[in-house]
>>> print(open('entry_22.pdb').read())   # PDB, C-alpha atoms
ATOM      1  CA  MET A   1     167.542  56.146  54.837  1.00  0.00           C
ATOM      2  CA  PRO A   2     164.877  56.898  57.538  1.00  0.00           C
ATOM      3  CA  GLY A   3     162.482  54.477  55.765  1.00  0.00           C
ATOM      4  CA  VAL A   4     164.929  51.653  56.493  1.00  0.00           C
ATOM      5  CA  PHE A   5     164.850  52.427  60.231  1.00  0.00           C
ATOM      6  CA  GLY A   6     161.048  52.497  60.178  1.00  0.00           C
ATOM      7  CA  ALA A   7     160.930  49.115  58.450  1.00  0.00           C
ATOM      8  CA  ILE A   8     163.427  47.596  60.915  1.00  0.00           C
ATOM      9  CA  ASN A   9     161.575  49.084  63.887  1.00  0.00           C
ATOM     10  CA  SER A  10     158.185  47.854  62.675  1.00  0.00           C
ATOM     11  CA  ARG A  11     159.448  44.311  62.048  1.00  0.00           C
ATOM     12  CA  LEU A  12     161.285  44.079  65.366  1.00  0.00           C
ATOM     13  CA  GLN A  13     158.177  45.208  67.280  1.00  0.00           C
ATOM     14  CA  GLY A  14     155.654  43.276  65.190  1.00  0.00           C
ATOM     15  CA  GLY A  15     157.549  40.034  65.674  1.00  0.00           C
ATOM     16  CA  LEU A  16     156.824  40.251  69.411  1.00  0.00           C
ATOM     17  CA  ILE A  17     153.013  40.366  69.217  1.00  0.00           C
ATOM     18  CA  GLY A  18     151.541  37.430  71.164  1.00  0.00           C
ATOM     19  CA  LYS A  19     154.918  36.474  72.645  1.00  0.00           C
ATOM     20  CA  ASP A  20     156.371  36.818  76.110  1.00  0.00           C
ATOM     21  CA  LEU A  21     158.625  39.875  76.230  1.00  0.00           C
ATOM     22  CA  LYS A  22     161.345  37.624  77.684  1.00  0.00           C
ATOM     23  CA  THR A  23     161.734  35.976  74.255  1.00  0.00           C
ATOM     24  CA  LEU A  24     163.521  39.195  73.289  1.00  0.00           C
ATOM     25  CA  SER A  25     165.915  38.952  76.219  1.00  0.00           C
ATOM     26  CA  ALA A  26     165.998  37.282  79.638  1.00  0.00           C
ATOM     27  CA  GLU A  27     166.530  40.729  81.209  1.00  0.00           C
ATOM     28  CA  MET A  28     163.086  41.898  80.060  1.00  0.00           C
ATOM     29  CA  PRO A  29     160.154  41.904  82.468  1.00  0.00           C
ATOM     30  CA  PRO A  30     157.677  39.052  81.915  1.00  0.00           C
ATOM     31  CA  GLY A  31     154.428  39.584  80.035  1.00  0.00           C
ATOM     32  CA  ILE A  32     152.670  38.949  76.748  1.00  0.00           C
ATOM     33  CA  VAL A  33     152.944  41.655  74.097  1.00  0.00           C
ATOM     34  CA  GLU A  34     149.310  42.434  73.246  1.00  0.00           C
ATOM     35  CA  SER A  35     149.531  45.300  70.793  1.00  0.00           C
ATOM     36  CA  GLN A  36     151.850  47.461  68.746  1.00  0.00           C
ATOM     37  CA  GLU A  37     151.536  51.152  67.910  1.00  0.00           C
ATOM     38  CA  GLY A  38     148.162  51.759  69.561  1.00  0.00           C
ATOM     39  CA  TRP A  39     146.535  55.189  69.356  1.00  0.00           C
ATOM     40  CA  LEU A  40     145.632  56.948  72.607  1.00  0.00           C
ATOM     41  CA  GLU A  41     143.426  59.869  73.544  1.00  0.00           C
ATOM     42  CA  SER A  42     142.921  60.874  77.160  1.00  0.00           C
ATOM     43  CA  LEU A  43     140.489  62.753  79.296  1.00  0.00           C
ATOM     44  CA  PRO A  44     141.816  66.187  80.317  1.00  0.00           C
ATOM     45  CA  VAL A  45     144.669  66.129  82.817  1.00  0.00           C
ATOM     46  CA  PRO A  46     143.235  67.302  86.193  1.00  0.00           C
ATOM     47  CA  GLY A  47     143.767  70.993  86.869  1.00  0.00           C
ATOM     48  CA  THR A  48     144.494  71.728  83.189  1.00  0.00           C
ATOM     49  CA  SER A  49     142.745  72.075  79.849  1.00  0.00           C
ATOM     50  CA  ILE A  50     145.207  69.603  78.290  1.00  0.00           C
ATOM     51  CA  TYR A  51     144.219  66.243  76.887  1.00  0.00           C
ATOM     52  CA  LEU A  52     146.728  63.885  75.352  1.00  0.00           C
ATOM     53  CA  LYS A  53     146.816  62.091  72.008  1.00  0.00           C
ATOM     54  CA  GLY A  54     149.539  59.858  70.700  1.00  0.00           C
ATOM     55  CA  LYS A  55     150.698  56.396  69.820  1.00  0.00           C
ATOM     56  CA  TYR A  56     152.611  54.008  72.070  1.00  0.00           C
ATOM     57  CA  ASP A  57     154.983  51.384  70.658  1.00  0.00           C
ATOM     58  CA  LEU A  58     154.152  48.227  72.660  1.00  0.00           C
ATOM     59  CA  LEU A  59     151.588  47.294  75.282  1.00  0.00           C
ATOM     60  CA  VAL A  60     152.357  44.239  77.429  1.00  0.00           C
ATOM     61  CA  ARG A  61     149.955  42.379  79.746  1.00  0.00           C
ATOM     62  CA  GLN A  62     151.924  41.329  82.810  1.00  0.00           C
ATOM     63  CA  PRO A  63     151.277  38.096  84.741  1.00  0.00           C
ATOM     64  CA  ASP A  64     149.201  40.023  87.344  1.00  0.00           C
ATOM     65  CA  ASN A  65     146.933  41.410  84.528  1.00  0.00           C
ATOM     66  CA  THR A  66     148.290  44.943  84.863  1.00  0.00           C
ATOM     67  CA  TYR A  67     150.091  46.533  81.942  1.00  0.00           C
ATOM     68  CA  LEU A  68     153.555  47.595  80.922  1.00  0.00           C
ATOM     69  CA  VAL A  69     153.886  50.314  78.279  1.00  0.00           C
ATOM     70  CA  ILE A  70     157.068  50.346  76.198  1.00  0.00           C
ATOM     71  CA  ASP A  71     158.776  52.841  73.971  1.00  0.00           C
ATOM     72  CA  PHE A  72     160.957  50.945  71.483  1.00  0.00           C
ATOM     73  CA  LYS A  73     164.181  52.638  70.317  1.00  0.00           C
ATOM     74  CA  ILE A  74     166.876  51.761  67.793  1.00  0.00           C
ATOM     75  CA  SER A  75     169.733  53.612  69.425  1.00  0.00           C
ATOM     76  CA  GLN A  76     172.849  53.256  71.535  1.00  0.00           C
ATOM     77  CA  PRO A  77     171.638  52.197  75.013  1.00  0.00           C
ATOM     78  CA  SER A  78     172.360  54.624  77.864  1.00  0.00           C
ATOM     79  CA  GLU A  79     170.785  55.445  81.223  1.00  0.00           C
ATOM     80  CA  GLU A  80     170.438  59.104  80.136  1.00  0.00           C
ATOM     81  CA  LYS A  81     167.616  57.995  77.843  1.00  0.00           C
ATOM     82  CA  ALA A  82     165.448  57.314  80.927  1.00  0.00           C
ATOM     83  CA  ALA A  83     165.286  61.029  81.712  1.00  0.00           C
ATOM     84  CA  LYS A  84     164.848  61.968  78.064  1.00  0.00           C
ATOM     85  CA  TYR A  85     161.784  59.747  77.515  1.00  0.00           C
ATOM     86  CA  ARG A  86     160.246  59.832  81.011  1.00  0.00           C
ATOM     87  CA  THR A  87     157.517  62.396  80.196  1.00  0.00           C
ATOM     88  CA  GLN A  88     156.626  60.576  76.962  1.00  0.00           C
ATOM     89  CA  LEU A  89     156.052  57.308  78.824  1.00  0.00           C
ATOM     90  CA  GLN A  90     154.180  59.065  81.645  1.00  0.00           C
ATOM     91  CA  THR A  91     151.904  60.520  78.954  1.00  0.00           C
ATOM     92  CA  TYR A  92     151.127  57.021  77.657  1.00  0.00           C
ATOM     93  CA  LYS A  93     150.470  55.799  81.200  1.00  0.00           C
ATOM     94  CA  TYR A  94     148.070  58.666  81.901  1.00  0.00           C
ATOM     95  CA  ALA A  95     146.186  58.179  78.607  1.00  0.00           C
ATOM     96  CA  LEU A  96     145.860  54.408  79.126  1.00  0.00           C
ATOM     97  CA  GLU A  97     144.584  54.886  82.667  1.00  0.00           C
ATOM     98  CA  HIS A  98     142.277  57.820  81.750  1.00  0.00           C
ATOM     99  CA  PRO A  99     141.069  57.108  78.198  1.00  0.00           C
ATOM    100  CA  ARG A 100     138.580  59.368  76.440  1.00  0.00           C
ATOM    101  CA  ALA A 101     136.746  56.204  75.344  1.00  0.00           C
ATOM    102  CA  GLY A 102     136.996  52.542  76.277  1.00  0.00           C
ATOM    103  CA  GLN A 103     138.095  50.806  79.437  1.00  0.00           C
ATOM    104  CA  PRO A 104     140.983  52.177  81.506  1.00  0.00           C
ATOM    105  CA  LEU A 105     144.029  49.941  81.901  1.00  0.00           C
ATOM    106  CA  GLN A 106     146.191  49.814  85.009  1.00  0.00           C
ATOM    107  CA  VAL A 107     149.802  50.547  84.017  1.00  0.00           C
ATOM    108  CA  THR A 108     152.203  49.464  86.758  1.00  0.00           C
ATOM    109  CA  LYS A 109     155.424  49.543  84.762  1.00  0.00           C
ATOM    110  CA  MET A 110     156.870  51.559  81.898  1.00  0.00           C
ATOM    111  CA  GLY A 111     160.191  51.457  80.164  1.00  0.00           C
ATOM    112  CA  LEU A 112     162.397  51.571  77.119  1.00  0.00           C
ATOM    113  CA  VAL A 113     163.471  48.635  75.015  1.00  0.00           C
ATOM    114  CA  ILE A 114     166.572  49.782  73.186  1.00  0.00           C
ATOM    115  CA  VAL A 115     168.153  47.760  70.398  1.00  0.00           C
ATOM    116  CA  TYR A 116     171.273  48.561  68.440  1.00  0.00           C
ATOM    117  CA  PRO A 117     172.986  46.495  65.731  1.00  0.00           C
ATOM    118  CA  ASP A 118     175.971  44.593  67.037  1.00  0.00           C
ATOM    119  CA  THR A 119     177.257  41.863  64.722  1.00  0.00           C
ATOM    120  CA  VAL A 120     176.515  40.819  61.157  1.00  0.00           C
ATOM    121  CA  LYS A 121     176.818  37.300  59.745  1.00  0.00           C
ATOM    122  CA  TYR A 122     176.414  36.389  56.109  1.00  0.00           C
ATOM    123  CA  GLU A 123     174.479  33.181  55.627  1.00  0.00           C
ATOM    124  CA  GLY A 124     173.713  32.177  52.055  1.00  0.00           C
ATOM    125  CA  ASN A 125     172.136  35.171  50.386  1.00  0.00           C
ATOM    126  CA  LYS A 126     171.232  36.930  53.678  1.00  0.00           C
ATOM    127  CA  ALA A 127     172.869  39.362  56.034  1.00  0.00           C
ATOM    128  CA  VAL A 128     171.795  38.408  59.570  1.00  0.00           C
ATOM    129  CA  VAL A 129     172.138  41.335  61.970  1.00  0.00           C
ATOM    130  CA  ASP A 130     172.227  40.814  65.729  1.00  0.00           C
ATOM    131  CA  PHE A 131     170.242  43.485  67.656  1.00  0.00           C
ATOM    132  CA  PRO A 132     170.819  42.843  71.382  1.00  0.00           C
ATOM    133  CA  ALA A 133     168.092  44.410  73.532  1.00  0.00           C
ATOM    134  CA  THR A 134     168.490  46.527  76.645  1.00  0.00           C
ATOM    135  CA  TRP A 135     165.682  47.198  79.154  1.00  0.00           C
ATOM    136  CA  ILE A 136     165.580  50.546  80.982  1.00  0.00           C
ATOM    137  CA  GLU A 137     162.724  50.896  83.449  1.00  0.00           C
ATOM    138  CA  ILE A 138     161.263  54.367  83.876  1.00  0.00           C
ATOM    139  CA  PRO A 139     160.183  55.256  87.426  1.00  0.00           C
ATOM    140  CA  GLN A 140     156.471  56.090  87.748  1.00  0.00           C
ATOM    141  CA  GLU A 141     156.941  59.549  89.416  1.00  0.00           C
ATOM    142  CA  MET A 142     153.550  60.750  88.174  1.00  0.00           C
ATOM    143  CA  GLU A 143     153.549  63.853  90.391  1.00  0.00           C
ATOM    144  CA  SER A 144     156.365  65.284  88.227  1.00  0.00           C
ATOM    145  CA  PHE A 145     154.194  64.578  85.171  1.00  0.00           C
ATOM    146  CA  TYR A 146     151.201  66.429  86.676  1.00  0.00           C
ATOM    147  CA  ALA A 147     153.441  69.369  87.642  1.00  0.00           C
ATOM    148  CA  PHE A 148     154.822  69.523  84.097  1.00  0.00           C
ATOM    149  CA  MET A 149     151.293  69.421  82.626  1.00  0.00           C
ATOM    150  CA  ARG A 150     150.186  72.295  84.912  1.00  0.00           C
ATOM    151  CA  GLU A 151     153.257  74.295  83.847  1.00  0.00           C
ATOM    152  CA  LEU A 152     152.541  73.582  80.190  1.00  0.00           C
ATOM    153  CA  ASP A 153     148.869  74.536  80.587  1.00  0.00           C
ATOM    154  CA  ALA A 154     149.866  77.855  82.222  1.00  0.00           C
ATOM    155  CA  LEU A 155     152.196  78.581  79.318  1.00  0.00           C
ATOM    156  CA  LEU A 156     149.631  77.688  76.651  1.00  0.00           C
ATOM    157  CA  THR A 157     146.707  79.535  78.227  1.00  0.00           C
ATOM    158  CA  GLY A 158     148.697  82.482  79.600  1.00  0.00           C
ATOM    159  CA  PRO A 159     149.912  85.610  77.882  1.00  0.00           C
ATOM    160  CA  MET A 160     152.372  85.392  74.992  1.00  0.00           C
ATOM    161  CA  PRO A 161     155.926  85.379  76.426  1.00  0.00           C
ATOM    162  CA  PRO A 162     158.113  88.327  75.491  1.00  0.00           C
ATOM    163  CA  GLU A 163     160.143  87.979  72.309  1.00  0.00           C
ATOM    164  CA  ASN A 164     163.815  87.118  72.451  1.00  0.00           C
ATOM    165  CA  PRO A 165     166.112  87.627  69.446  1.00  0.00           C
ATOM    166  CA  ASP A 166     167.910  84.337  70.206  1.00  0.00           C
ATOM    167  CA  CYS A 167     164.667  82.306  70.352  1.00  0.00           C
ATOM    168  CA  LEU A 168     164.075  80.102  67.294  1.00  0.00           C
ATOM    169  CA  TRP A 169     160.354  79.765  68.127  1.00  0.00           C
ATOM    170  CA  CYS A 170     160.038  83.573  68.168  1.00  0.00           C
ATOM    171  CA  ALA A 171     161.638  83.756  64.715  1.00  0.00           C
ATOM    172  CA  TYR A 172     159.475  80.887  63.472  1.00  0.00           C
ATOM    173  CA  ARG A 173     156.159  82.415  64.508  1.00  0.00           C
ATOM    174  CA  HIS A 174     156.810  85.399  62.211  1.00  0.00           C
ATOM    175  CA  GLN A 175     157.668  83.352  59.139  1.00  0.00           C
ATOM    176  CA  GLY A 176     154.012  83.218  57.986  1.00  0.00           C
ATOM    177  CA  ASP A 177     153.872  87.023  57.826  1.00  0.00           C
ATOM    178  CA  LYS A 178     157.005  87.094  55.682  1.00  0.00           C
ATOM    179  CA  LEU A 179     155.894  84.223  53.444  1.00  0.00           C
ATOM    180  CA  SER A 180     152.527  85.863  52.734  1.00  0.00           C
ATOM    181  CA  LYS A 181     154.293  88.574  50.709  1.00  0.00           C
ATOM    182  CA  PRO A 182     154.519  87.550  47.005  1.00  0.00           C
ATOM    183  CA  GLY A 183     157.959  86.531  45.804  1.00  0.00           C
ATOM    184  CA  THR A 184     159.431  86.143  49.306  1.00  0.00           C
ATOM    185  CA  GLN A 185     161.742  83.246  50.085  1.00  0.00           C
ATOM    186  CA  ILE A 186     163.130  82.682  53.555  1.00  0.00           C
ATOM    187  CA  ASP A 187     165.092  80.117  55.508  1.00  0.00           C
ATOM    188  CA  ILE A 188     163.074  78.497  58.265  1.00  0.00           C
ATOM    189  CA  PRO A 189     165.160  78.693  61.467  1.00  0.00           C
ATOM    190  CA  PHE A 190     165.095  74.912  62.157  1.00  0.00           C
TER     191      PHE A 190
END
>>> encode(input="entry_22.pdb", output="structure tokens")
Amino acid sequence: MPGVFGAINSRLQGGLIGKDLKTLSAEMPPGIVESQEGWLESLPVPGTSIYLKGKYDLLVRQPDNTYLVIDFKISQPSEEKAAKYRTQLQTYKYALEHPRAGQPLQVTKMGLVIVYPDTVKYEGNKAVVDFPATWIEIPQEMESFYAFMRELDALLTGPMPPENPDCLWCAYRHQGDKLSKPGTQIDIPF
């Protein structure tokens, strides 16, 4: 089943390339969708040894020639998703503005486009599904991103945290030792 969602997601996004984002919905910010699923790699985040790599969903050139980066979701729309995906979108913004190679882009807006199937009509030999779109803008708040990156860097470069019997990561990091013994089968904790 996940392959179906990937195919739907790819077609919904790909159909927007070269079009104004408002063709998806009047509530969308204006701008021309320039690219889909672009790879990113950043310079190190200041004050850390962390650099970022990843792939955004959509990049939109706005009328003022700045950019809007979008994460595209097939999900029930809710405002709680803004908090859930804020760091992900801040990561894209940082990488686009501080690329390891190429020209930096000024990202002045970031947000989620969330679609979820609503109605189905049967026309001839086709099922036509309506996917209304919802726009949720993510506030820039880059200082919280930098603070999170510094915290993450301290964790990754600092001493190993003490073990906790309730911690799934603690259990997971010992699985390799157990699996290296011939004939051993184990359940991975997640």
>>> closest_residue(input="entry_22.pdb", among="A:Ile17, A:Ile32, A:Val120, A:Met149", to="Pro46 of chain A", atoms="all atoms listed in the file")
A:Met149
>>> resolve_selection(input="entry_22.pdb", expression="the PyMOL selection byres ((chain A and resi 104) around 12)", output="JSON, numbers by chain")
{"A": [40, 41, 42, 43, 66, 67, 92, 93, 94, 95, 96, 97, 98, 99, 100, 101, 102, 103, 105, 106, 107]}
>>> atom_distance(input="entry_22.pdb", atom1="atom CA of Pro161 of chain A", atom2="atom CA of Phe145 of chain A")
22.6 Å
>>> resolve_selection(input="entry_22.pdb", expression="the PyMOL selection byres ((chain A and resi 25) around 12)", output="PyMOL selection string")
chain A and resi 16+19-24+26-30+113-115+131-135
>>> closest_residue(input="entry_22.pdb", among="A:Lys181, A:Lys81, A:Lys126, A:Lys73", to="Tyr56 of chain A", atoms="all atoms listed in the file")
A:Lys73
>>> resolve_selection(input="entry_22.pdb", expression="the PyMOL selection byres ((chain A and resi 141-143) around 10)", output="CSV table (one decimal) with C-alpha atoms, in the coordinates of the input")
chain,number,residue,atom,x,y,z
A,86,ARG,CA,160.2,59.8,81.0
A,87,THR,CA,157.5,62.4,80.2
A,90,GLN,CA,154.2,59.1,81.6
A,91,THR,CA,151.9,60.5,79.0
A,93,LYS,CA,150.5,55.8,81.2
A,94,TYR,CA,148.1,58.7,81.9
A,138,ILE,CA,161.3,54.4,83.9
A,139,PRO,CA,160.2,55.3,87.4
A,140,GLN,CA,156.5,56.1,87.7
A,144,SER,CA,156.4,65.3,88.2
A,145,PHE,CA,154.2,64.6,85.2
A,146,TYR,CA,151.2,66.4,86.7
A,147,ALA,CA,153.4,69.4,87.6
A,148,PHE,CA,154.8,69.5,84.1
A,149,MET,CA,151.3,69.4,82.6
>>> closest_residue(input="entry_22.pdb", among="A:Leu12, A:Glu79, A:Asp57, A:Gly3", to="Asp130 of chain A", atoms="only C-alpha atoms")
A:Leu12
>>> closest_residue(input="entry_22.pdb", among="A:Leu112, A:Val60, A:Arg11, A:Ile50", to="Ser35 of chain A", atoms="all atoms listed in the file")
A:Val60
>>> axis_aligned_box(input="entry_22.pdb", around="segment 66-73 of chain A", padding_each_side="8 Å", output="JSON")
{"center_x": 156.2, "center_y": 48.9, "center_z": 77.6, "size_x": 31.9, "size_y": 23.9, "size_z": 30.5}
>>> residues_around(input="entry_22.pdb", residues="Leu89 of chain A", least_positions_apart="6", cutoff="8 Å", atoms="all atoms listed in the file", output="NGL selection string")
:A and (69-71 or 110-111 or 138)
